[in-house]
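Below: input-v2.txt (compact mmCIF, C-alpha atoms and all ligand atoms)
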# COMPACT_ATOMS: atom_id res chain seq x y z
CA MET A 22 -36.94 83.67 54.28
CA GLU A 23 -35.02 82.35 57.19
CA PHE A 24 -35.19 79.41 59.51
CA PRO A 25 -37.62 78.07 60.71
CA VAL A 26 -39.64 78.80 57.52
CA THR A 27 -36.76 77.82 55.28
CA ARG A 28 -35.41 74.37 55.98
CA MET A 29 -32.75 73.14 53.56
CA ARG A 30 -32.99 69.63 54.97
CA ARG A 31 -36.39 69.22 53.20
CA MET A 32 -34.32 68.81 50.03
CA ARG A 33 -32.52 65.85 51.54
CA LYS A 34 -35.32 64.01 53.31
CA THR A 35 -35.72 60.94 51.09
CA GLN A 36 -33.75 59.20 48.39
CA GLY A 37 -36.60 60.00 45.96
CA ILE A 38 -36.41 63.72 46.66
CA ARG A 39 -32.63 63.71 46.43
CA ASP A 40 -32.81 61.82 43.15
CA ILE A 41 -35.30 64.05 41.36
CA PHE A 42 -33.29 67.17 42.13
CA LYS A 43 -29.91 65.81 41.12
CA LYS A 44 -28.21 68.26 38.80
CA ASN A 45 -24.70 66.98 38.23
CA ARG A 46 -24.35 63.44 36.98
CA ILE A 47 -21.78 61.36 35.19
CA PHE A 48 -22.54 59.18 32.17
CA ALA A 49 -20.54 56.49 30.39
CA GLU A 50 -20.15 58.72 27.33
CA ASP A 51 -18.41 61.42 29.37
CA PHE A 52 -15.30 59.23 29.62
CA VAL A 53 -12.25 58.60 27.48
CA TYR A 54 -10.01 55.65 28.33
CA PRO A 55 -6.23 56.12 27.85
CA MET A 56 -4.34 53.11 26.48
CA PHE A 57 -0.60 52.42 26.11
CA LEU A 58 0.22 50.39 23.01
CA VAL A 59 3.39 48.38 22.39
CA GLU A 60 4.54 46.14 19.53
CA GLY A 61 4.14 42.39 19.61
CA THR A 62 1.28 40.06 20.45
CA GLU A 63 -0.04 38.85 23.77
CA VAL A 64 1.91 41.52 25.60
CA LYS A 65 0.34 42.83 28.78
CA LYS A 66 2.88 44.53 30.98
CA PRO A 67 1.40 46.09 34.12
CA VAL A 68 2.55 49.59 35.04
CA ALA A 69 3.67 49.34 38.67
CA SER A 70 2.67 52.86 39.66
CA MET A 71 -0.76 52.59 37.98
CA PRO A 72 -2.60 49.51 39.33
CA GLY A 73 -4.98 48.13 36.70
CA ILE A 74 -3.20 49.83 33.78
CA ALA A 75 -0.81 48.01 31.43
CA GLN A 76 1.26 48.52 28.33
CA GLN A 77 -0.36 46.18 25.86
CA SER A 78 -0.06 44.91 22.33
CA VAL A 79 -2.89 45.75 19.94
CA ASP A 80 -4.50 42.26 20.17
CA GLN A 81 -4.76 42.64 23.95
CA ALA A 82 -6.06 46.20 23.67
CA LEU A 83 -8.80 44.92 21.35
CA ILE A 84 -9.87 42.36 23.96
CA GLU A 85 -10.07 45.05 26.64
CA ILE A 86 -11.94 47.44 24.35
CA ALA A 87 -14.44 44.69 23.47
CA GLU A 88 -15.22 44.18 27.17
CA LEU A 89 -15.52 47.88 27.89
CA TYR A 90 -17.53 48.60 24.73
CA GLN A 91 -20.21 46.25 26.08
CA ILE A 92 -20.58 48.40 29.18
CA GLY A 93 -20.64 51.74 27.44
CA LEU A 94 -17.10 52.73 26.42
CA ARG A 95 -17.37 55.33 23.63
CA SER A 96 -13.84 56.68 23.30
CA VAL A 97 -10.18 55.88 23.81
CA ILE A 98 -7.01 57.98 23.63
CA LEU A 99 -3.92 56.15 22.42
CA PHE A 100 -0.28 56.51 23.46
CA GLY A 101 2.46 54.53 21.74
CA ILE A 102 5.72 53.12 23.00
CA PRO A 103 7.89 52.45 19.93
CA PRO A 104 10.49 49.66 19.87
CA GLU A 105 13.20 52.21 19.10
CA LYS A 106 13.64 55.87 19.91
CA ASP A 107 15.74 58.49 18.10
CA ASP A 108 16.41 62.24 18.09
CA LEU A 109 13.66 63.01 15.60
CA ALA A 110 10.85 60.74 16.85
CA LYS A 111 10.69 58.91 13.53
CA GLY A 112 8.60 56.17 15.13
CA ALA A 113 5.78 58.66 15.62
CA HIS A 114 5.02 59.21 11.93
CA HIS A 115 6.02 55.82 10.59
CA ASN A 116 3.23 54.35 8.39
CA GLU A 117 3.51 51.05 10.20
CA GLY A 118 4.12 52.66 13.60
CA ILE A 119 2.45 51.29 16.69
CA ILE A 120 -0.24 54.00 16.86
CA GLN A 121 -0.95 53.85 13.12
CA ARG A 122 -1.48 50.09 13.40
CA GLY A 123 -3.48 50.46 16.60
CA ILE A 124 -5.80 53.05 15.04
CA LYS A 125 -6.39 50.89 11.95
CA GLU A 126 -7.17 47.73 13.87
CA ILE A 127 -9.34 49.41 16.47
CA LYS A 128 -11.38 51.33 13.87
CA GLU A 129 -11.78 48.17 11.82
CA ARG A 130 -13.25 46.23 14.74
CA PHE A 131 -15.09 49.17 16.38
CA PRO A 132 -16.01 51.70 13.70
CA ASP A 133 -18.24 53.62 16.12
CA LEU A 134 -15.65 53.98 18.87
CA VAL A 135 -14.19 57.50 18.87
CA VAL A 136 -10.44 57.05 18.57
CA ILE A 137 -8.26 59.93 19.75
CA ALA A 138 -4.48 59.91 19.27
CA ASP A 139 -2.19 61.97 21.47
CA VAL A 140 0.22 63.90 19.23
CA CYS A 141 3.58 64.34 20.90
CA MET A 142 7.19 63.37 20.41
CA CYS A 143 8.33 62.52 23.95
CA GLU A 144 7.48 58.81 23.79
CA TYR A 145 9.46 58.56 20.55
CA THR A 146 12.55 60.66 21.21
CA SER A 147 15.71 59.23 22.74
CA HIS A 148 16.03 62.38 24.89
CA GLY A 149 12.40 62.18 26.07
CA HIS A 150 11.54 65.79 25.20
CA CYS A 151 8.42 66.82 23.30
CA GLY A 152 10.27 68.38 20.36
CA ILE A 153 13.45 68.81 18.36
CA ILE A 154 16.50 69.66 20.45
CA GLU A 155 18.88 72.40 19.35
CA ASN A 156 21.62 73.82 21.56
CA GLY A 157 20.27 71.89 24.50
CA GLU A 158 16.76 73.31 24.17
CA VAL A 159 13.50 72.30 22.55
CA ASN A 160 13.26 74.39 19.39
CA ASN A 161 9.68 75.51 18.91
CA ASP A 162 9.53 76.28 15.19
CA LYS A 163 11.61 73.31 14.09
CA THR A 164 9.29 71.01 16.03
CA LEU A 165 6.09 72.21 14.32
CA PRO A 166 6.45 70.41 10.95
CA TYR A 167 7.07 67.14 12.78
CA LEU A 168 3.87 67.54 14.78
CA GLY A 169 1.95 68.23 11.57
CA LYS A 170 3.44 65.16 9.98
CA ILE A 171 2.54 62.95 12.96
CA ALA A 172 -1.05 64.24 12.95
CA VAL A 173 -1.42 63.58 9.20
CA SER A 174 -0.10 60.05 9.58
CA TYR A 175 -2.67 59.34 12.32
CA ALA A 176 -5.37 60.81 10.10
CA LYS A 177 -4.28 58.53 7.24
CA ALA A 178 -4.62 55.57 9.61
CA GLY A 179 -8.22 56.58 10.31
CA VAL A 180 -8.13 58.46 13.61
CA ASP A 181 -11.18 60.58 14.54
CA ILE A 182 -9.45 63.20 16.66
CA VAL A 183 -5.84 64.30 17.21
CA ALA A 184 -4.79 65.74 20.55
CA PRO A 185 -1.50 67.66 20.54
CA SER A 186 0.06 67.60 24.02
CA ASP A 187 3.48 69.10 23.33
CA MET A 188 2.73 72.78 24.22
CA MET A 189 4.71 74.28 21.32
CA ASP A 190 3.40 77.68 20.20
CA GLY A 191 1.59 77.52 16.88
CA ARG A 192 1.13 73.74 16.81
CA VAL A 193 -2.64 73.84 16.45
CA ALA A 194 -2.40 76.12 13.39
CA GLN A 195 0.31 73.93 11.87
CA ILE A 196 -1.64 70.72 12.47
CA ARG A 197 -4.90 72.23 11.15
CA GLU A 198 -3.13 73.44 8.02
CA ASP A 199 -1.38 70.12 7.38
CA LEU A 200 -4.55 68.10 7.99
CA ASP A 201 -6.54 70.34 5.63
CA LYS A 202 -3.86 70.26 2.93
CA ASN A 203 -4.05 66.48 2.98
CA GLY A 204 -7.83 66.33 2.72
CA PHE A 205 -8.52 65.76 6.40
CA GLU A 206 -10.67 68.85 7.01
CA GLU A 207 -13.05 66.80 9.10
CA ILE A 208 -10.57 65.44 11.61
CA MET A 209 -11.04 67.21 14.94
CA ILE A 210 -8.36 68.74 17.15
CA ILE A 211 -8.58 68.59 20.96
CA SER A 212 -5.73 70.80 22.09
CA TYR A 213 -4.04 70.37 25.43
CA ALA A 214 -4.46 74.14 25.83
CA ALA A 215 -3.64 74.61 29.51
CA LYS A 216 -1.15 71.90 30.25
CA TYR A 217 0.92 72.44 33.36
CA ALA A 218 4.48 71.30 34.11
CA SER A 219 2.98 69.12 36.79
CA ALA A 220 4.46 66.67 39.25
CA PHE A 221 1.37 64.53 38.67
CA TYR A 222 2.69 63.01 35.40
CA GLY A 223 5.26 60.76 37.11
CA PRO A 224 3.44 57.42 36.70
CA PHE A 225 2.58 58.20 33.05
CA ARG A 226 6.25 58.63 32.27
CA ASP A 227 6.83 55.12 33.67
CA ALA A 228 3.97 53.82 31.52
CA ALA A 229 5.05 55.63 28.35
CA GLU A 230 8.79 55.47 29.07
CA SER A 231 8.90 59.17 28.25
CA ALA A 232 10.73 60.88 31.12
CA PRO A 233 13.06 63.64 29.84
CA GLN A 234 16.66 62.40 29.89
CA PHE A 235 17.97 65.86 30.81
CA GLY A 236 16.31 68.93 32.28
CA ASP A 237 12.55 69.19 32.58
CA ARG A 238 9.53 70.49 30.65
CA GLN A 239 9.31 73.89 32.36
CA SER A 240 10.26 75.83 29.22
CA TYR A 241 7.21 74.61 27.32
CA GLN A 242 4.55 73.41 29.78
CA MET A 243 2.85 76.02 31.97
CA ASP A 244 4.15 76.96 35.39
CA THR A 245 2.03 75.43 38.15
CA GLN A 246 1.85 78.82 39.87
CA SER A 247 1.13 80.88 36.78
CA SER A 248 -1.83 83.24 36.43
CA ILE A 249 -5.21 82.04 35.25
CA LYS A 250 -4.97 84.79 32.61
CA GLU A 251 -2.13 82.88 31.00
CA ALA A 252 -4.38 79.82 30.78
CA ILE A 253 -7.09 81.93 29.12
CA ARG A 254 -4.59 83.27 26.57
CA GLU A 255 -3.52 79.71 25.77
CA GLY A 256 -7.18 78.81 25.23
CA GLN A 257 -7.84 81.87 23.06
CA LEU A 258 -4.83 81.20 20.86
CA ASP A 259 -5.77 77.57 20.34
CA ILE A 260 -9.34 78.49 19.38
CA THR A 261 -8.02 81.08 16.94
CA GLU A 262 -5.68 78.50 15.45
CA GLY A 263 -8.51 76.05 14.89
CA ALA A 264 -8.90 73.86 17.98
CA ASP A 265 -12.36 72.26 18.26
CA VAL A 266 -12.11 71.37 21.94
CA LEU A 267 -9.87 72.78 24.70
CA MET A 268 -8.28 70.61 27.35
CA VAL A 269 -7.12 71.37 30.87
CA LYS A 270 -4.50 69.08 32.37
CA PRO A 271 -4.16 67.91 35.15
CA ALA A 272 -7.71 68.13 36.48
CA MET A 273 -7.83 67.97 40.29
CA ALA A 274 -5.58 70.90 41.13
CA TYR A 275 -6.99 72.92 38.19
CA VAL A 276 -10.77 72.76 38.51
CA ASP A 277 -10.74 76.56 38.59
CA VAL A 278 -9.12 76.53 35.15
CA ILE A 279 -11.81 74.13 33.89
CA LYS A 280 -14.40 76.57 35.24
CA ALA A 281 -12.66 79.56 33.66
CA PHE A 282 -12.55 77.80 30.29
CA GLU A 283 -16.21 76.89 30.59
CA GLU A 284 -17.08 80.55 31.24
CA ASN A 285 -14.79 82.03 28.60
CA PHE A 286 -15.11 79.72 25.62
CA ASP A 287 -18.05 78.42 23.60
CA CYS A 288 -16.38 75.16 22.62
CA PRO A 289 -16.56 71.90 24.58
CA ILE A 290 -14.08 71.53 27.42
CA CYS A 291 -12.15 68.38 28.19
CA CYS A 292 -10.08 67.65 31.29
CA TYR A 293 -7.36 65.06 31.81
CA ASN A 294 -7.46 63.31 35.17
CA VAL A 295 -3.79 62.31 35.04
CA SER A 296 -1.67 59.40 36.13
CA GLY A 297 -0.51 60.78 39.50
CA GLU A 298 -4.09 61.60 40.47
CA TYR A 299 -5.05 58.03 39.60
CA ALA A 300 -2.09 56.56 41.48
CA MET A 301 -3.00 58.42 44.68
CA ILE A 302 -6.58 57.14 44.65
CA LYS A 303 -5.50 53.59 43.84
CA ALA A 304 -2.91 53.61 46.62
CA ALA A 305 -5.37 54.85 49.21
CA ALA A 306 -8.08 52.46 48.02
CA GLY A 307 -5.61 49.56 47.95
CA ASN A 308 -4.85 50.25 51.59
CA GLY A 309 -8.53 50.30 52.45
CA TRP A 310 -8.32 53.96 53.46
CA ILE A 311 -11.06 55.27 51.18
CA ASP A 312 -14.19 53.98 49.46
CA GLU A 313 -12.88 53.99 45.89
CA GLU A 314 -16.20 54.04 44.06
CA ARG A 315 -17.61 56.90 46.11
CA VAL A 316 -14.41 58.95 46.03
CA VAL A 317 -13.93 58.55 42.28
CA THR A 318 -17.58 59.29 41.54
CA GLU A 319 -17.36 62.43 43.67
CA LEU A 320 -14.22 63.60 41.87
CA MET A 321 -15.60 62.96 38.39
CA THR A 322 -18.82 64.75 39.31
CA GLY A 323 -16.68 67.67 40.47
CA PHE A 324 -14.95 67.87 37.08
CA LYS A 325 -18.31 67.93 35.35
CA ARG A 326 -19.72 70.54 37.70
CA ALA A 327 -16.65 72.71 37.06
CA GLY A 328 -17.51 72.57 33.34
CA ALA A 329 -15.86 69.53 31.79
CA ASP A 330 -17.84 67.97 28.93
CA LEU A 331 -15.35 65.16 28.52
CA ILE A 332 -13.07 63.46 31.06
CA ILE A 333 -9.96 61.52 30.12
CA SER A 334 -9.33 59.16 33.03
CA TYR A 335 -7.64 55.89 33.88
CA HIS A 336 -10.61 55.31 36.19
CA THR A 337 -12.81 54.95 33.10
CA LYS A 338 -13.06 51.19 33.19
CA ASP A 339 -14.02 51.16 36.88
CA VAL A 340 -16.48 54.00 36.37
CA LEU A 341 -18.16 52.16 33.47
CA ARG A 342 -18.59 49.05 35.63
CA TRP A 343 -20.01 51.03 38.54
CA LEU A 344 -22.44 52.89 36.29
CA LYS A 345 -23.54 49.61 34.71
CA ASN A 346 -24.12 47.98 38.09
CA LYS A 347 -26.36 50.86 39.11
CA GLN A 348 -28.68 50.47 36.09
C1 LIG B 1 2.95 63.68 26.46
C2 LIG B 1 1.94 63.49 27.51
C3 LIG B 1 2.11 63.40 28.91
C4 LIG B 1 0.88 63.10 29.46
C5 LIG B 1 -0.03 63.06 28.40
N1 LIG B 1 0.65 63.32 27.21
C6 LIG B 1 3.33 63.44 29.74
C7 LIG B 1 4.13 64.64 29.88
O1 LIG B 1 3.79 65.73 29.42
O2 LIG B 1 5.21 64.47 30.45
C8 LIG B 1 0.61 62.86 30.92
C9 LIG B 1 -0.60 62.07 31.24
C10 LIG B 1 -0.67 61.53 32.62
O3 LIG B 1 0.12 61.84 33.52
O4 LIG B 1 -1.58 60.73 32.81
N2 LIG B 1 3.57 64.89 26.40
Can the structure in the file be given as structure tokens, please?
Amino acid sequence: MEFPVTRMRRMRKTQGIRDIFKKNRIFAEDFVYPMFLVEGTEVKKPVASMPGIAQQSVDQALIEIAELYQIGLRSVILFGIPPEKDDLAKGAHHNEGIIQRGIKEIKERFPDLVVIADVCMCEYTSHGHCGIIENGEVNNDKTLPYLGKIAVSYAKAGVDIVAPSDMMDGRVAQIREDLDKNGFEEIMIISYAAKYASAFYGPFRDAAESAPQFGDRQSYQMDTQSSIKEAIREGQLDITEGADVLMVKPAMAYVDVIKAFEENFDCPICCYNVSGEYAMIKAAAGNGWIDEERVVTELMTGFKRAGADLIISYHTKDVLRWLKNKQ
């Protein structure tokens, strides 16, 4: 039927009508809050390029989690900045490392909070790359045992989920095998399956002090102009190797990849709304150029509509407040 019989504006006539036909919504439990942990106590060091986000010591992180837990926070993902870096990222699998301590203390105070730990070496290596360097390059196979070891040490500390973000081939299989061998069959893996060598990670590298000291990450992270088929192969491999959830990162420029994952895979899909995406919104909002709440809500809804079941975002704490205020 055509106009004038069909009138789409009937759907939009009142708030009540619009409300009852809403299809795509965001909920507090859709969000994961990323946190940057450092040693010490009472440390709260703002990250200049990420307004509202700070490197913090575990005591301060616990205070922030307590506030957010009250308004619906259900999950955090942890990144660690060790006091010292070396070639082999020893700080990453140290029993008393910053993440190991963070996991223990957070799980002790908030046993129901889902704690995810990012598994990667770049925050812990002096060269800032995500693996072991040999002949000036990141050596894939030599890196794998280290990733397994890091994942096991997080599991020992009590983590719920490990999330490898390094993009080495075979890391999911290695981590699954090492977790299982050590009795951690029930620890989940969210793999950063389609992770692009994106320009949107700049502010994160300030926050995590993890910028590569030479070269870039193009030889392991995906090319930003690569085919969607390559993303699908990455997803397939990770599922085959034992990933429970697949992640797409960044989110905004890759909603088509989120959609493709949603259509191709039966597992839950996660997306990472990264630091540069956050910085852009915060800068525009700070200048009064956009309505932050409406813009962020629209973006997050877009990620969900594209197929994301879970959204990792620095906007989480604002989103939780907005959702609470609407109740
Ligand atoms: C570690 C890692 C990075 C991010 C998450 N895990 C940085 C990178 O790959 O350089 C980026 C997250 C963000 O930008 O918010 N490899």
Practice task
Please write out the residues within 10 Å of ligand LIG 1 (chain B) as number ranges by chain, counting all atoms listed in the file.
Solution key: A: 55, 71, 98-100, 139-144, 149-152, 184-188, 213, 216-233, 237-238, 241-242, 270-271, 293-300, 333-335
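You can rank A:Ala329, A:Pro103, A:Glu85, A:Phe131 by their closest distance to A:Gly73 using only C-alpha atoms, and at the top of that list sits A:Glu85.
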Practice task
Excluding A:Ile86 and any residue of its chain fewer than 6 positions from it, enumerate the residues within 9 Å of it, using only C-alpha atoms, and give them as a VMD selection string.
Solution key: chain A and resid 94 97 127 131
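Distance-wise, atom CA of A:Leu200 and atom CA of A:Gly328 end up 28.8 Å apart.
Among A:Ile137, A:Ile279, A:Val79, A:Ala87, the residue with the shortest atom-to-atom distance to A:Lys338, counting only C-alpha atoms, is A:Ala87.
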Can you patch up stretch 124-141 of chain A, filling it in to N, CA, C and O atoms, and show the result as a PDB file, in the coordinates of the input?
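Dumped to out-v1.pdb:
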ATOM      1  N   ILE A 124      -4.620  52.324  15.538  1.00  0.00           N
ATOM      2  CA  ILE A 124      -5.800  53.050  15.040  1.00  0.00           C
ATOM      3  C   ILE A 124      -6.540  52.197  14.015  1.00  0.00           C
ATOM      4  O   ILE A 124      -7.760  52.007  14.094  1.00  0.00           O
ATOM      5  N   LYS A 125      -5.771  51.672  13.041  1.00  0.00           N
ATOM      6  CA  LYS A 125      -6.390  50.890  11.950  1.00  0.00           C
ATOM      7  C   LYS A 125      -7.163  49.702  12.501  1.00  0.00           C
ATOM      8  O   LYS A 125      -8.323  49.480  12.151  1.00  0.00           O
ATOM      9  N   GLU A 126      -6.518  48.955  13.381  1.00  0.00           N
ATOM     10  CA  GLU A 126      -7.170  47.730  13.870  1.00  0.00           C
ATOM     11  C   GLU A 126      -8.352  48.038  14.778  1.00  0.00           C
ATOM     12  O   GLU A 126      -9.371  47.350  14.737  1.00  0.00           O
ATOM     13  N   ILE A 127      -8.225  49.070  15.569  1.00  0.00           N
ATOM     14  CA  ILE A 127      -9.340  49.410  16.470  1.00  0.00           C
ATOM     15  C   ILE A 127     -10.542  49.918  15.655  1.00  0.00           C
ATOM     16  O   ILE A 127     -11.673  49.497  15.870  1.00  0.00           O
ATOM     17  N   LYS A 128     -10.270  50.797  14.669  1.00  0.00           N
ATOM     18  CA  LYS A 128     -11.380  51.330  13.870  1.00  0.00           C
ATOM     19  C   LYS A 128     -12.033  50.248  13.014  1.00  0.00           C
ATOM     20  O   LYS A 128     -13.228  50.304  12.752  1.00  0.00           O
ATOM     21  N   GLU A 129     -11.230  49.266  12.604  1.00  0.00           N
ATOM     22  CA  GLU A 129     -11.780  48.170  11.820  1.00  0.00           C
ATOM     23  C   GLU A 129     -12.783  47.363  12.641  1.00  0.00           C
ATOM     24  O   GLU A 129     -13.873  47.051  12.184  1.00  0.00           O
ATOM     25  N   ARG A 130     -12.382  47.042  13.873  1.00  0.00           N
ATOM     26  CA  ARG A 130     -13.250  46.230  14.740  1.00  0.00           C
ATOM     27  C   ARG A 130     -14.378  47.054  15.374  1.00  0.00           C
ATOM     28  O   ARG A 130     -15.477  46.550  15.605  1.00  0.00           O
ATOM     29  N   PHE A 131     -14.102  48.326  15.680  1.00  0.00           N
ATOM     30  CA  PHE A 131     -15.090  49.170  16.380  1.00  0.00           C
ATOM     31  C   PHE A 131     -15.247  50.498  15.655  1.00  0.00           C
ATOM     32  O   PHE A 131     -14.769  51.533  16.123  1.00  0.00           O
ATOM     33  N   PRO A 132     -15.916  50.467  14.497  1.00  0.00           N
ATOM     34  CA  PRO A 132     -16.010  51.700  13.700  1.00  0.00           C
ATOM     35  C   PRO A 132     -16.669  52.858  14.442  1.00  0.00           C
ATOM     36  O   PRO A 132     -16.366  54.024  14.160  1.00  0.00           O
ATOM     37  N   ASP A 133     -17.538  52.546  15.410  1.00  0.00           N
ATOM     38  CA  ASP A 133     -18.240  53.620  16.120  1.00  0.00           C
ATOM     39  C   ASP A 133     -17.467  54.195  17.301  1.00  0.00           C
ATOM     40  O   ASP A 133     -17.843  55.231  17.856  1.00  0.00           O
ATOM     41  N   LEU A 134     -16.431  53.489  17.728  1.00  0.00           N
ATOM     42  CA  LEU A 134     -15.650  53.980  18.870  1.00  0.00           C
ATOM     43  C   LEU A 134     -14.887  55.233  18.413  1.00  0.00           C
ATOM     44  O   LEU A 134     -14.292  55.240  17.328  1.00  0.00           O
ATOM     45  N   VAL A 135     -14.921  56.285  19.225  1.00  0.00           N
ATOM     46  CA  VAL A 135     -14.190  57.500  18.870  1.00  0.00           C
ATOM     47  C   VAL A 135     -12.727  57.309  19.273  1.00  0.00           C
ATOM     48  O   VAL A 135     -12.417  57.176  20.460  1.00  0.00           O
ATOM     49  N   VAL A 136     -11.857  57.278  18.274  1.00  0.00           N
ATOM     50  CA  VAL A 136     -10.440  57.050  18.570  1.00  0.00           C
ATOM     51  C   VAL A 136      -9.680  58.373  18.505  1.00  0.00           C
ATOM     52  O   VAL A 136      -9.689  59.068  17.488  1.00  0.00           O
ATOM     53  N   ILE A 137      -9.054  58.702  19.627  1.00  0.00           N
ATOM     54  CA  ILE A 137      -8.260  59.930  19.750  1.00  0.00           C
ATOM     55  C   ILE A 137      -6.794  59.494  19.814  1.00  0.00           C
ATOM     56  O   ILE A 137      -6.476  58.496  20.467  1.00  0.00           O
ATOM     57  N   ALA A 138      -5.912  60.212  19.137  1.00  0.00           N
ATOM     58  CA  ALA A 138      -4.480  59.910  19.270  1.00  0.00           C
ATOM     59  C   ALA A 138      -3.771  61.131  19.837  1.00  0.00           C
ATOM     60  O   ALA A 138      -3.957  62.253  19.342  1.00  0.00           O
ATOM     61  N   ASP A 139      -3.009  60.910  20.892  1.00  0.00           N
ATOM     62  CA  ASP A 139      -2.190  61.970  21.470  1.00  0.00           C
ATOM     63  C   ASP A 139      -1.061  62.258  20.477  1.00  0.00           C
ATOM     64  O   ASP A 139      -0.407  61.337  19.999  1.00  0.00           O
ATOM     65  N   VAL A 140      -0.876  63.542  20.136  1.00  0.00           N
ATOM     66  CA  VAL A 140       0.220  63.900  19.230  1.00  0.00           C
ATOM     67  C   VAL A 140       1.335  64.528  20.045  1.00  0.00           C
ATOM     68  O   VAL A 140       1.178  65.623  20.578  1.00  0.00           O
ATOM     69  N   CYS A 141       2.432  63.792  20.185  1.00  0.00           N
ATOM     70  CA  CYS A 141       3.580  64.340  20.900  1.00  0.00           C
ATOM     71  C   CYS A 141       4.812  63.529  20.519  1.00  0.00           C
ATOM     72  O   CYS A 141       4.700  62.443  19.951  1.00  0.00           O
TER      73      CYS A 141
END
